[in-house]
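Data from model25.cif: mmCIF, C-alpha atoms
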data_target
#
loop_
_atom_site.label_atom_id
_atom_site.label_comp_id
_atom_site.auth_asym_id
_atom_site.auth_seq_id
_atom_site.Cartn_x
_atom_site.Cartn_y
_atom_site.Cartn_z
CA MET A 469 -23.87 -12.94 -12.54
CA VAL A 470 -23.28 -10.90 -9.41
CA THR A 471 -26.02 -10.47 -6.82
CA PHE A 472 -25.86 -7.72 -4.23
CA THR A 473 -28.09 -5.37 -2.27
CA LEU A 474 -28.30 -1.75 -3.39
CA ASN A 475 -30.03 0.65 -1.02
CA GLY A 476 -31.98 -2.20 0.50
CA GLN A 477 -33.06 -3.87 -2.75
CA GLU A 478 -31.56 -7.02 -4.23
CA ARG A 479 -29.90 -6.33 -7.57
CA THR A 480 -28.02 -8.43 -10.12
CA PHE A 481 -25.37 -7.53 -12.67
CA ASP A 482 -24.60 -9.78 -15.61
CA GLY A 483 -21.88 -7.80 -17.38
CA ASP A 484 -18.07 -7.81 -17.30
CA PRO A 485 -17.00 -8.90 -13.81
CA ASP A 486 -14.24 -6.25 -13.87
CA THR A 487 -16.81 -3.45 -14.24
CA PRO A 488 -16.28 -0.95 -11.41
CA LEU A 489 -19.12 -0.71 -8.90
CA LEU A 490 -19.32 3.01 -9.73
CA TRP A 491 -20.18 2.20 -13.37
CA VAL A 492 -22.89 -0.21 -12.24
CA ILE A 493 -24.38 2.35 -9.86
CA ARG A 494 -24.38 5.20 -12.34
CA ASP A 495 -24.77 3.64 -15.80
CA PHE A 496 -26.89 0.57 -15.07
CA GLU A 497 -28.81 1.55 -11.93
CA LYS A 498 -29.04 5.20 -13.03
CA LEU A 499 -28.20 6.47 -9.56
CA THR A 500 -26.02 9.44 -10.47
CA GLY A 501 -25.53 10.95 -7.02
CA THR A 502 -22.24 9.06 -6.64
CA LYS A 503 -19.61 10.89 -8.68
CA TYR A 504 -16.60 9.97 -10.78
CA GLY A 505 -13.65 12.12 -9.75
CA CYS A 506 -10.24 10.60 -10.41
CA GLY A 507 -10.69 6.89 -11.03
CA VAL A 508 -7.59 6.09 -8.98
CA ALA A 509 -8.86 6.25 -5.38
CA GLN A 510 -7.28 9.63 -4.75
CA CYS A 511 -10.26 11.97 -4.38
CA GLY A 512 -13.16 10.23 -2.58
CA ALA A 513 -15.97 11.53 -4.84
CA CYS A 514 -17.16 7.97 -5.51
CA THR A 515 -17.47 6.93 -1.85
CA VAL A 516 -20.31 4.53 -0.99
CA HIS A 517 -20.89 2.26 2.01
CA LEU A 518 -19.96 -1.37 1.37
CA ASP A 519 -21.19 -3.62 4.17
CA GLY A 520 -21.35 -0.56 6.41
CA MET A 521 -17.86 0.74 5.67
CA PRO A 522 -16.79 3.58 3.38
CA ARG A 523 -15.45 2.28 0.07
CA ARG A 524 -14.23 3.91 -3.15
CA SER A 525 -16.57 2.49 -5.77
CA CYS A 526 -14.34 3.47 -8.73
CA ILE A 527 -11.75 0.86 -7.77
CA THR A 528 -14.18 -1.86 -6.68
CA PRO A 529 -14.73 -4.50 -9.39
CA ILE A 530 -18.35 -5.65 -9.30
CA ALA A 531 -17.25 -9.30 -9.04
CA THR A 532 -15.75 -8.59 -5.60
CA ILE A 533 -19.05 -7.53 -4.00
CA GLU A 534 -21.10 -10.71 -4.44
CA GLY A 535 -23.57 -10.88 -1.53
CA SER A 536 -22.57 -7.46 -0.21
CA ASP A 537 -24.71 -4.58 0.94
CA VAL A 538 -24.14 -1.31 -0.97
CA VAL A 539 -25.57 2.01 0.17
CA THR A 540 -25.27 5.18 -1.94
CA ILE A 541 -26.09 8.82 -1.23
CA GLU A 542 -29.62 8.14 -2.53
CA GLY A 543 -30.24 5.43 0.07
CA VAL A 544 -28.22 6.40 3.13
CA SER A 545 -30.50 6.66 6.15
CA GLY A 546 -30.63 6.63 9.93
CA LYS A 547 -30.00 9.18 12.65
CA GLU A 548 -26.45 9.93 11.52
CA ALA A 549 -27.56 10.54 7.94
CA ASP A 550 -30.42 12.74 9.13
CA ALA A 551 -28.08 14.72 11.39
CA VAL A 552 -25.54 15.20 8.60
CA LYS A 553 -28.21 16.33 6.14
CA THR A 554 -29.52 18.93 8.60
CA ALA A 555 -26.04 20.12 9.54
CA TRP A 556 -24.95 20.35 5.89
CA ALA A 557 -27.97 22.46 4.98
CA GLY A 558 -27.58 24.56 8.11
CA LEU A 559 -24.05 25.64 7.20
CA ASP A 560 -24.51 25.67 3.43
CA VAL A 561 -21.51 23.38 3.26
CA PRO A 562 -21.30 22.77 -0.51
CA GLN A 563 -19.97 25.29 -2.98
CA CYS A 564 -19.88 23.61 -6.40
CA GLY A 565 -21.10 20.41 -4.76
CA TYR A 566 -19.34 17.86 -6.96
CA CYS A 567 -17.47 16.13 -4.12
CA GLN A 568 -20.25 16.43 -1.58
CA SER A 569 -21.96 13.06 -1.91
CA GLY A 570 -18.59 11.46 -1.17
CA GLN A 571 -18.03 13.86 1.71
CA VAL A 572 -21.47 13.07 3.17
CA MET A 573 -20.96 9.30 2.87
CA SER A 574 -17.61 9.53 4.69
CA ALA A 575 -19.07 11.85 7.34
CA VAL A 576 -22.03 9.53 8.02
CA ALA A 577 -19.71 6.52 8.29
CA LEU A 578 -17.50 8.40 10.75
CA LEU A 579 -20.46 9.32 12.96
CA GLN A 580 -21.72 5.72 12.87
CA MET A 581 -18.32 4.62 14.24
CA VAL A 582 -17.41 7.65 16.38
CA PRO A 583 -20.57 9.48 17.56
CA LYS A 584 -18.65 12.42 19.10
CA PRO A 585 -15.54 12.87 16.92
CA THR A 586 -12.69 15.24 17.74
CA ASP A 587 -11.05 17.46 15.12
CA ASP A 588 -8.37 14.77 14.75
CA ASP A 589 -11.01 12.06 14.27
CA ILE A 590 -12.67 14.18 11.58
CA ASP A 591 -9.41 15.01 9.82
CA GLY A 592 -8.42 11.34 9.91
CA ALA A 593 -11.69 10.08 8.47
CA MET A 594 -12.13 12.82 5.87
CA THR A 595 -8.51 12.96 4.66
CA GLY A 596 -9.30 10.98 1.53
CA ASN A 597 -12.14 13.25 0.39
CA ILE A 598 -10.78 16.14 -1.61
CA CYS A 599 -12.81 19.34 -2.16
CA ARG A 600 -11.57 21.66 -4.89
CA CYS A 601 -13.67 24.48 -3.41
CA ALA A 602 -11.87 23.94 -0.10
CA THR A 603 -15.03 23.68 1.97
CA TYR A 604 -13.07 21.71 4.56
CA HIS A 605 -13.68 24.16 7.39
CA ARG A 606 -17.45 23.99 6.87
CA ILE A 607 -17.34 20.20 6.54
CA ARG A 608 -15.56 19.90 9.88
CA ALA A 609 -17.96 22.34 11.58
CA ALA A 610 -20.98 20.54 10.12
CA ILE A 611 -19.77 17.17 11.40
CA HIS A 612 -19.40 18.67 14.89
CA ASN A 613 -22.90 20.15 14.60
CA ALA A 614 -24.29 16.81 13.46
CA ALA A 615 -22.61 15.05 16.40
CA ASN A 616 -23.97 17.64 18.85
CA SER A 617 -27.48 17.32 17.44
CA MET A 618 -27.45 13.56 18.03
CA GLU A 619 -26.58 13.94 21.71
CA GLY A 620 -29.96 15.22 22.80
CA MET B 1074 66.19 -0.73 -25.79
CA ASN B 1075 64.03 -1.86 -28.63
CA TRP B 1076 61.93 1.28 -29.10
CA LYS B 1077 59.71 -0.30 -31.70
CA LEU B 1078 58.78 -3.10 -29.32
CA ALA B 1079 58.28 -0.65 -26.42
CA ILE B 1080 55.98 1.59 -28.46
CA THR B 1081 53.99 -1.40 -29.66
CA GLY B 1082 53.68 -2.58 -26.07
CA VAL B 1083 52.42 0.80 -24.85
CA ALA B 1084 49.96 0.96 -27.73
CA THR B 1085 48.70 -2.53 -26.93
CA LEU B 1086 48.35 -1.59 -23.26
CA CYS B 1087 46.42 1.52 -24.21
CA LEU B 1088 44.16 -0.56 -26.43
CA PHE B 1089 43.38 -2.95 -23.58
CA VAL B 1090 42.86 -0.17 -21.04
CA GLY B 1091 40.73 1.71 -23.57
CA ALA B 1092 38.62 -1.33 -24.31
CA GLY B 1093 38.28 -1.99 -20.60
CA THR B 1094 37.23 1.57 -19.98
CA LEU B 1095 34.65 1.32 -22.70
CA LEU B 1096 33.26 -2.09 -21.81
CA SER B 1097 33.51 -2.43 -18.06
CA PRO B 1098 31.03 0.19 -16.82
CA ALA B 1099 28.35 -1.10 -19.17
CA SER B 1100 28.83 -4.73 -18.24
CA VAL B 1101 29.10 -3.89 -14.54
CA ALA B 1102 25.91 -1.87 -14.73
CA GLN B 1103 24.19 -4.74 -16.52
CA ASP B 1104 25.38 -7.17 -13.85
CA ALA B 1105 24.20 -4.84 -11.11
CA LYS B 1106 20.81 -4.52 -12.79
CA THR B 1107 20.43 -8.29 -13.02
CA ASP B 1108 21.81 -8.66 -9.50
CA ALA B 1109 19.19 -6.27 -8.11
CA LYS B 1110 16.34 -8.29 -9.62
CA THR B 1111 17.46 -11.77 -8.63
CA LEU B 1112 18.49 -13.57 -5.46
CA LYS B 1113 21.51 -15.84 -5.27
CA PRO B 1114 20.47 -19.33 -4.10
CA ALA B 1115 21.20 -20.08 -0.46
CA THR B 1116 23.36 -23.04 -1.55
CA SER B 1117 25.75 -20.70 -3.38
CA PHE B 1118 26.89 -19.37 -0.01
CA GLU B 1119 28.14 -22.81 1.15
CA THR B 1120 31.55 -22.00 -0.32
CA ILE B 1121 32.08 -19.42 2.45
CA ALA B 1122 33.94 -21.54 5.02
CA ASN B 1123 33.67 -19.15 7.96
CA GLN B 1124 30.21 -19.69 9.44
CA ARG B 1125 29.77 -16.16 10.73
CA GLU B 1126 30.84 -14.64 7.43
CA ARG B 1127 28.49 -17.03 5.60
CA SER B 1128 25.62 -16.05 7.88
CA VAL B 1129 26.21 -12.33 7.35
CA ALA B 1130 26.46 -12.84 3.57
CA LEU B 1131 23.16 -14.75 3.56
CA PHE B 1132 21.40 -11.94 5.41
CA GLN B 1133 22.93 -9.31 3.14
CA GLU B 1134 21.51 -11.16 0.14
CA ALA B 1135 18.09 -11.38 1.84
CA GLY B 1136 18.50 -7.65 2.55
CA LYS B 1137 17.90 -6.97 -1.14
CA VAL B 1138 14.29 -7.92 -0.40
CA ILE B 1139 14.04 -6.55 3.14
CA GLN B 1140 15.33 -3.10 2.18
CA HIS B 1141 13.32 -2.86 -1.05
CA PRO B 1142 10.72 -0.05 -1.00
CA ARG B 1143 7.97 -2.66 -1.53
CA CYS B 1144 8.73 -3.92 1.99
CA VAL B 1145 10.05 -0.82 3.77
CA ASN B 1146 7.12 1.41 2.70
CA CYS B 1147 4.82 -0.40 5.14
CA HIS B 1148 7.42 -0.51 7.94
CA PRO B 1149 7.41 3.29 8.47
CA ALA B 1150 9.15 5.04 11.35
CA THR B 1151 6.18 7.38 11.77
CA ASP B 1152 2.44 6.68 11.70
CA ARG B 1153 2.29 7.42 7.98
CA PRO B 1154 3.05 4.74 5.38
CA LEU B 1155 5.23 5.47 2.37
CA GLN B 1156 4.45 4.78 -1.27
CA GLY B 1157 6.21 4.06 -4.52
CA ILE B 1158 9.74 3.18 -5.52
CA ASN B 1159 10.83 6.67 -4.39
CA MET B 1160 9.24 6.10 -0.97
CA HIS B 1161 7.14 9.26 -0.78
CA PRO B 1162 4.52 9.74 1.94
CA HIS B 1163 1.25 7.91 1.21
CA GLN B 1164 -1.48 9.85 -0.60
CA PRO B 1165 -4.15 10.27 0.67
CA PRO B 1166 -2.39 11.12 3.96
CA VAL B 1167 -3.59 8.11 5.93
CA VAL B 1168 -2.24 7.10 9.34
CA ARG B 1169 -1.67 3.89 11.24
CA GLY B 1170 -4.72 3.55 13.53
CA ASP B 1171 -5.53 0.48 15.61
CA GLY B 1172 -3.67 -2.60 14.45
CA GLY B 1173 -2.12 -0.69 11.56
CA MET B 1174 -5.48 -0.80 9.76
CA GLY B 1175 -6.14 2.95 9.52
CA LEU B 1176 -8.50 5.28 11.38
CA PRO B 1177 -12.29 4.93 11.80
CA GLY B 1178 -13.83 6.15 8.56
CA MET B 1179 -10.56 5.84 6.64
CA GLN B 1180 -9.33 2.32 7.13
CA CYS B 1181 -7.02 0.64 4.64
CA THR B 1182 -10.04 -1.23 3.24
CA THR B 1183 -11.57 2.04 2.04
CA CYS B 1184 -9.29 1.64 -0.97
CA HIS B 1185 -7.28 -1.59 -0.58
CA SER B 1186 -9.10 -4.85 -1.19
CA ALA B 1187 -8.06 -8.49 -1.08
CA GLU B 1188 -6.44 -8.29 -4.52
CA ASN B 1189 -4.45 -5.85 -6.62
CA THR B 1190 -7.02 -3.89 -8.60
CA PRO B 1191 -6.34 -2.19 -11.96
CA VAL B 1192 -7.54 1.41 -12.02
CA VAL B 1193 -10.00 2.85 -14.53
CA GLY B 1194 -8.68 6.40 -14.32
CA GLN B 1195 -5.76 7.68 -16.36
CA ALA B 1196 -2.72 8.34 -14.22
CA ASP B 1197 0.94 8.12 -15.13
CA THR B 1198 1.93 6.94 -11.70
CA ILE B 1199 -0.98 4.77 -10.52
CA LYS B 1200 -1.72 1.71 -12.63
CA SER B 1201 -3.36 -0.37 -9.90
CA ILE B 1202 -4.41 -0.19 -6.27
CA PRO B 1203 -2.38 -2.75 -4.31
CA GLY B 1204 -4.35 -5.27 -2.31
CA ASN B 1205 -4.05 -8.31 -0.10
CA PRO B 1206 -6.40 -9.93 2.44
CA ALA B 1207 -3.97 -9.03 5.24
CA TRP B 1208 -3.22 -5.46 4.09
CA HIS B 1209 -2.00 -3.40 7.08
CA LEU B 1210 1.02 -1.53 8.44
CA ALA B 1211 3.76 -3.24 10.41
CA PRO B 1212 3.68 -2.21 14.11
CA ILE B 1213 5.85 0.77 15.04
CA GLU B 1214 8.36 -1.45 16.88
CA MET B 1215 9.02 -3.09 13.51
CA ALA B 1216 9.86 0.25 11.84
CA TRP B 1217 12.58 -0.16 9.22
CA VAL B 1218 12.67 3.29 7.60
CA GLY B 1219 15.99 4.99 8.38
CA LYS B 1220 17.63 1.86 9.78
CA SER B 1221 20.73 0.12 8.44
CA LEU B 1222 20.55 -3.52 7.40
CA GLY B 1223 22.51 -4.44 10.52
CA GLN B 1224 19.99 -2.62 12.72
CA ILE B 1225 17.07 -4.29 10.94
CA CYS B 1226 18.80 -7.66 11.43
CA GLN B 1227 19.07 -7.12 15.18
CA GLN B 1228 15.45 -5.97 15.24
CA ILE B 1229 14.22 -9.08 13.42
CA LYS B 1230 15.94 -11.29 16.02
CA ASP B 1231 14.55 -9.37 19.00
CA PRO B 1232 11.22 -10.90 20.23
CA ALA B 1233 10.31 -7.50 21.72
CA ARG B 1234 10.46 -6.01 18.23
CA ASN B 1235 9.46 -8.93 16.00
CA GLY B 1236 6.00 -9.70 17.35
CA GLY B 1237 7.29 -12.27 19.87
CA LYS B 1238 8.45 -14.64 17.16
CA THR B 1239 11.01 -17.42 17.55
CA MET B 1240 13.60 -17.72 14.83
CA ASP B 1241 11.70 -20.69 13.36
CA GLN B 1242 8.60 -18.49 13.21
CA ILE B 1243 10.64 -15.78 11.49
CA VAL B 1244 11.67 -18.27 8.82
CA GLU B 1245 8.05 -19.37 8.40
CA HIS B 1246 6.88 -15.74 8.23
CA MET B 1247 9.41 -14.76 5.57
CA ALA B 1248 8.90 -17.93 3.53
CA HIS B 1249 5.12 -18.23 3.60
CA ASP B 1250 3.31 -15.15 4.97
CA GLU B 1251 0.92 -13.98 2.29
CA LEU B 1252 1.41 -10.25 2.91
CA VAL B 1253 5.19 -10.74 2.69
CA GLY B 1254 4.46 -12.65 -0.53
CA TRP B 1255 2.67 -9.61 -1.96
CA GLY B 1256 6.14 -8.12 -2.52
CA TRP B 1257 6.62 -10.55 -5.43
CA ASN B 1258 3.13 -9.83 -6.80
CA PRO B 1259 2.67 -6.10 -6.28
CA GLY B 1260 0.30 -5.39 -9.17
CA ALA B 1261 0.57 -3.36 -12.36
CA GLY B 1262 2.91 -0.39 -12.24
CA ARG B 1263 5.03 -1.67 -9.35
CA GLU B 1264 8.46 -3.31 -9.41
CA PRO B 1265 8.45 -6.62 -7.52
CA VAL B 1266 11.11 -7.42 -4.92
CA PRO B 1267 14.03 -9.55 -6.20
CA GLY B 1268 13.88 -13.30 -6.74
CA THR B 1269 11.05 -15.45 -5.40
CA GLN B 1270 9.55 -15.86 -1.93
CA ALA B 1271 10.79 -19.46 -1.90
CA GLU B 1272 14.38 -18.30 -2.58
CA PHE B 1273 14.01 -15.59 0.05
CA GLY B 1274 12.70 -18.13 2.57
CA GLU B 1275 15.66 -20.41 1.86
CA LEU B 1276 18.10 -17.53 2.41
CA ILE B 1277 16.48 -16.68 5.76
CA GLY B 1278 16.38 -20.38 6.72
CA ALA B 1279 20.08 -20.80 5.90
CA TRP B 1280 20.86 -17.56 7.76
CA VAL B 1281 19.15 -18.86 10.91
CA LYS B 1282 20.86 -22.27 10.62
CA SER B 1283 24.24 -20.58 10.30
CA GLY B 1284 23.75 -18.70 13.55
CA ALA B 1285 21.74 -15.66 12.40
CA ALA B 1286 24.74 -13.35 12.44
CA CYS B 1287 24.10 -9.71 11.62
CA PRO B 1288 26.04 -7.31 9.42
CA ALA B 1289 28.04 -4.73 11.40
CA SER B 1290 26.14 -1.91 9.74
#
Can you present the structure in this file as structure tokens?
Amino acid sequence: MVTFTLNGQERTFDGDPDTPLLWVIRDFEKLTGTKYGCGVAQCGACTVHLDGMPRRSCITPIATIEGSDVVTIEGVSGKEADAVKTAWAGLDVPQCGYCQSGQVMSAVALLQMVPKPTDDDIDGAMTGNICRCATYHRIRAAIHNAANSMEG
Amino acid sequence: MNWKLAITGVATLCLFVGAGTLLSPASVAQDAKTDAKTLKPATSFETIANQRERSVALFQEAGKVIQHPRCVNCHPATDRPLQGINMHPHQPPVVRGDGGMGLPGMQCTTCHSAENTPVVGQADTIKSIPGNPAWHLAPIEMAWVGKSLGQICQQIKDPARNGGKTMDQIVEHMAHDELVGWGWNPGAGREPVPGTQAEFGELIGAWVKSGAACPAS
């Protein structure tokens, strides 16, 4: 039995301890905003926050998160999340949208750590989130816009 | 001249040379394969009477571990780690960051955990994500990529480039450090470094005791 917090609520999982966190989030908790992309930590679509840090949920066995705090795209909140949401909508960042929950989770985590990121900061933090529609230029601009909006 | 005897002799010689030609490369290759996966025990070097030559030979044997991609990949000469037995640049394209732990928002722990983790996705080249509690890059002054074994040897002895370690601390690090030990337990889909960490530690210990001499190149 694994006990953890998911979007602020205590949850338990009693299945195979090797079950990836992503499976638990999607198949058992029915929160399908977090996506399966590659299953080998190469694309970033499955990014969640684990104890406040970005983490690829597809390669995170549930047994390793006992007592941890998990936040998904459905539960992410705070001024950085609000700023990112507004900036994303303002620039119509997504195209097909499949990678975007992972992109947003990485962007929010970056802004929580670096409130006014440079292009290099953004490229460094977002390098593991692949977008097959190549929306990278809008993602970078939206993160700058989100940072600027938090300054006031 | 006894021509019959001479011809028989030549034929016999040809037979031996032929057999040698047929057998030697295979057996040599087999030996080399075994040799690359094992470490000779430190005690086996005691037959080398000259202390300096013994010391160099000990380090060269330890070099089979030190220069293995499992170790060199995280001692890069740039800010980007390498990956795989063919030592290609790490994907995703991560960089060193503070303390060799990655950049804010993309630290090593985004993907690497305290243990090797089998993957759920199907990939010919990625069978597990490597992990260790101490997962991080070696500092830039400890860069090994592009250096000869002799240069790495000098570097390991230099406190300015070995993290301020004494030679006793180097022995301890090689013999017992858990991230060094990951090289022998690299997870599914990865070739471990040769021998065992205990054998490696004994080689480094014997190298230090014999004067820590370095190969010329």
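Separating atom CA of Glu478 of chain A from atom CA of Cys506 of chain A is a distance of 28.3 Å.
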Using all atoms listed in the file, tabulate the residues of chain A lying at most 8 Å from any atom of chain B, each with its closest atom pair and that distance in Å to one decimal, by chain and increasing residue number, as CSV.
residue,atom,partner,partner_atom,distance
A:Pro488,CA,B:Val1193,CA,8.0
A:Cys506,CA,B:Gly1194,CA,5.9
A:Gly507,CA,B:Gly1194,CA,3.9
A:Val508,CA,B:Gly1194,CA,5.5
A:Ala509,CA,B:Cys1184,CA,6.4
A:Gln510,CA,B:Pro1165,CA,6.3
A:Met521,CA,B:Gly1178,CA,7.3
A:Pro522,CA,B:Thr1183,CA,5.6
A:Arg523,CA,B:Thr1183,CA,4.4
A:Arg524,CA,B:Cys1184,CA,5.9
A:Cys526,CA,B:Val1193,CA,7.3
A:Ile527,CA,B:Val1192,CA,6.0
A:Thr528,CA,B:Thr1190,CA,7.7
A:Pro529,CA,B:Thr1190,CA,7.8
A:Ser574,CA,B:Gly1178,CA,6.4
A:Ala575,CA,B:Gly1178,CA,7.8
A:Ala577,CA,B:Gly1178,CA,5.9
A:Leu578,CA,B:Gly1178,CA,4.8
A:Met581,CA,B:Pro1177,CA,6.5
A:Val582,CA,B:Pro1177,CA,7.4
A:Asp589,CA,B:Pro1177,CA,7.7
A:Gly592,CA,B:Leu1176,CA,6.2
A:Ala593,CA,B:Gly1178,CA,4.5
A:Met594,CA,B:Met1179,CA,7.2
A:Thr595,CA,B:Pro1166,CA,6.4
A:Gly596,CA,B:Pro1165,CA,5.3
- Residues picked by the PyMOL selection byres ((chain A and resi 549) around 12) here, as a ChimeraX atom specification? /A:539-548,550-556,569,571-580,583,611,614-615,617-618
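Using all atoms listed in the file for every distance, the candidate list B:Gly1260, B:Gly1236, B:Gly1284, B:Pro1142 yields B:Gly1260 as the residue closest to Gly1204 of chain B.
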- Task: List the residues selected by the PyMOL selection byres ((chain A and resi 477) around 12) in the file shown, writing them as number ranges by chain.
- Result: A: 471-476, 478-480, 497, 535-540, 543
- Message: List as a count of residues only the residues having at least one atom at most 12 Å from position (-19.7, 21.9, 0.0) as given in the file, counting all atoms listed in the file.
- Response: 33
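The closest residue to Glu1264 of chain B, picked from B:Asn1159, B:Ser1128, B:Ser1290, B:Ser1283 and counting all atoms listed in the file, is B:Asn1159.
Picture a line from atom CA of Asp591 of chain A to atom CA of Gly520 of chain A; it runs 19.9 Å.
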- Task: Would you kindly return, as number ranges by chain, each protein, DNA or RNA residue with an atom no farther than 12 Å from any atom of Gly1136 of chain B, considering all atoms listed in the file and excluding same-chain residues fewer than 6 positions away?
- Result: B: 1109, 1111-1113, 1129-1130, 1142, 1144-1145, 1217, 1220-1226, 1229, 1247, 1266-1268, 1273-1274, 1276-1277, 1280, 1287-1288, 1290
- Note on the structure: Here atom CA of Asp495 of chain A and atom CA of Cys514 of chain A stand apart by 13.5 Å
- Query: Taking (-19.9, -2.7, -8.4) in the file's coordinates, which residues come within 8 Å, counting all atoms listed in the file, written as a ChimeraX atom specification?
  - Reply: /A:487-493,525,528-533
Output requested as a PDB file, keeping the file's coordinate frame - segment 540-555 of chain A, filled out with N, CA and C atoms.
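The resulting file, result.pdb, is shown below:
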ATOM      1  N   THR A 540     -25.750   3.953  -1.275  1.00  0.00           N
ATOM      2  CA  THR A 540     -25.270   5.180  -1.940  1.00  0.00           C
ATOM      3  C   THR A 540     -25.914   6.396  -1.280  1.00  0.00           C
ATOM      4  N   ILE A 541     -25.536   7.575  -1.764  1.00  0.00           N
ATOM      5  CA  ILE A 541     -26.090   8.820  -1.230  1.00  0.00           C
ATOM      6  C   ILE A 541     -27.618   8.849  -1.348  1.00  0.00           C
ATOM      7  N   GLU A 542     -28.156   8.147  -2.364  1.00  0.00           N
ATOM      8  CA  GLU A 542     -29.620   8.140  -2.530  1.00  0.00           C
ATOM      9  C   GLU A 542     -30.311   7.318  -1.446  1.00  0.00           C
ATOM     10  N   GLY A 543     -29.586   6.341  -0.860  1.00  0.00           N
ATOM     11  CA  GLY A 543     -30.240   5.430   0.070  1.00  0.00           C
ATOM     12  C   GLY A 543     -29.760   5.527   1.504  1.00  0.00           C
ATOM     13  N   VAL A 544     -28.765   6.357   1.759  1.00  0.00           N
ATOM     14  CA  VAL A 544     -28.220   6.400   3.130  1.00  0.00           C
ATOM     15  C   VAL A 544     -29.283   6.939   4.078  1.00  0.00           C
ATOM     16  N   SER A 545     -29.421   6.285   5.226  1.00  0.00           N
ATOM     17  CA  SER A 545     -30.500   6.660   6.150  1.00  0.00           C
ATOM     18  C   SER A 545     -30.056   6.420   7.588  1.00  0.00           C
ATOM     19  N   GLY A 546     -30.942   6.802   8.515  1.00  0.00           N
ATOM     20  CA  GLY A 546     -30.630   6.630   9.930  1.00  0.00           C
ATOM     21  C   GLY A 546     -30.347   7.963  10.595  1.00  0.00           C
ATOM     22  N   LYS A 547     -30.142   7.908  11.915  1.00  0.00           N
ATOM     23  CA  LYS A 547     -30.000   9.180  12.650  1.00  0.00           C
ATOM     24  C   LYS A 547     -28.755   9.948  12.251  1.00  0.00           C
ATOM     25  N   GLU A 548     -27.672   9.224  11.931  1.00  0.00           N
ATOM     26  CA  GLU A 548     -26.450   9.930  11.520  1.00  0.00           C
ATOM     27  C   GLU A 548     -26.658  10.634  10.187  1.00  0.00           C
ATOM     28  N   ALA A 549     -27.309   9.935   9.252  1.00  0.00           N
ATOM     29  CA  ALA A 549     -27.560  10.540   7.940  1.00  0.00           C
ATOM     30  C   ALA A 549     -28.481  11.759   8.075  1.00  0.00           C
ATOM     31  N   ASP A 550     -29.508  11.615   8.926  1.00  0.00           N
ATOM     32  CA  ASP A 550     -30.420  12.740   9.130  1.00  0.00           C
ATOM     33  C   ASP A 550     -29.680  13.939   9.739  1.00  0.00           C
ATOM     34  N   ALA A 551     -28.838  13.647  10.726  1.00  0.00           N
ATOM     35  CA  ALA A 551     -28.080  14.720  11.390  1.00  0.00           C
ATOM     36  C   ALA A 551     -27.132  15.418  10.416  1.00  0.00           C
ATOM     37  N   VAL A 552     -26.474  14.630   9.579  1.00  0.00           N
ATOM     38  CA  VAL A 552     -25.540  15.200   8.600  1.00  0.00           C
ATOM     39  C   VAL A 552     -26.288  16.063   7.595  1.00  0.00           C
ATOM     40  N   LYS A 553     -27.428  15.561   7.131  1.00  0.00           N
ATOM     41  CA  LYS A 553     -28.210  16.330   6.140  1.00  0.00           C
ATOM     42  C   LYS A 553     -28.608  17.686   6.711  1.00  0.00           C
ATOM     43  N   THR A 554     -29.107  17.679   7.963  1.00  0.00           N
ATOM     44  CA  THR A 554     -29.520  18.930   8.600  1.00  0.00           C
ATOM     45  C   THR A 554     -28.329  19.866   8.796  1.00  0.00           C
ATOM     46  N   ALA A 555     -27.233  19.310   9.278  1.00  0.00           N
ATOM     47  CA  ALA A 555     -26.040  20.120   9.540  1.00  0.00           C
ATOM     48  C   ALA A 555     -25.472  20.691   8.241  1.00  0.00           C
TER      49      ALA A 555
END
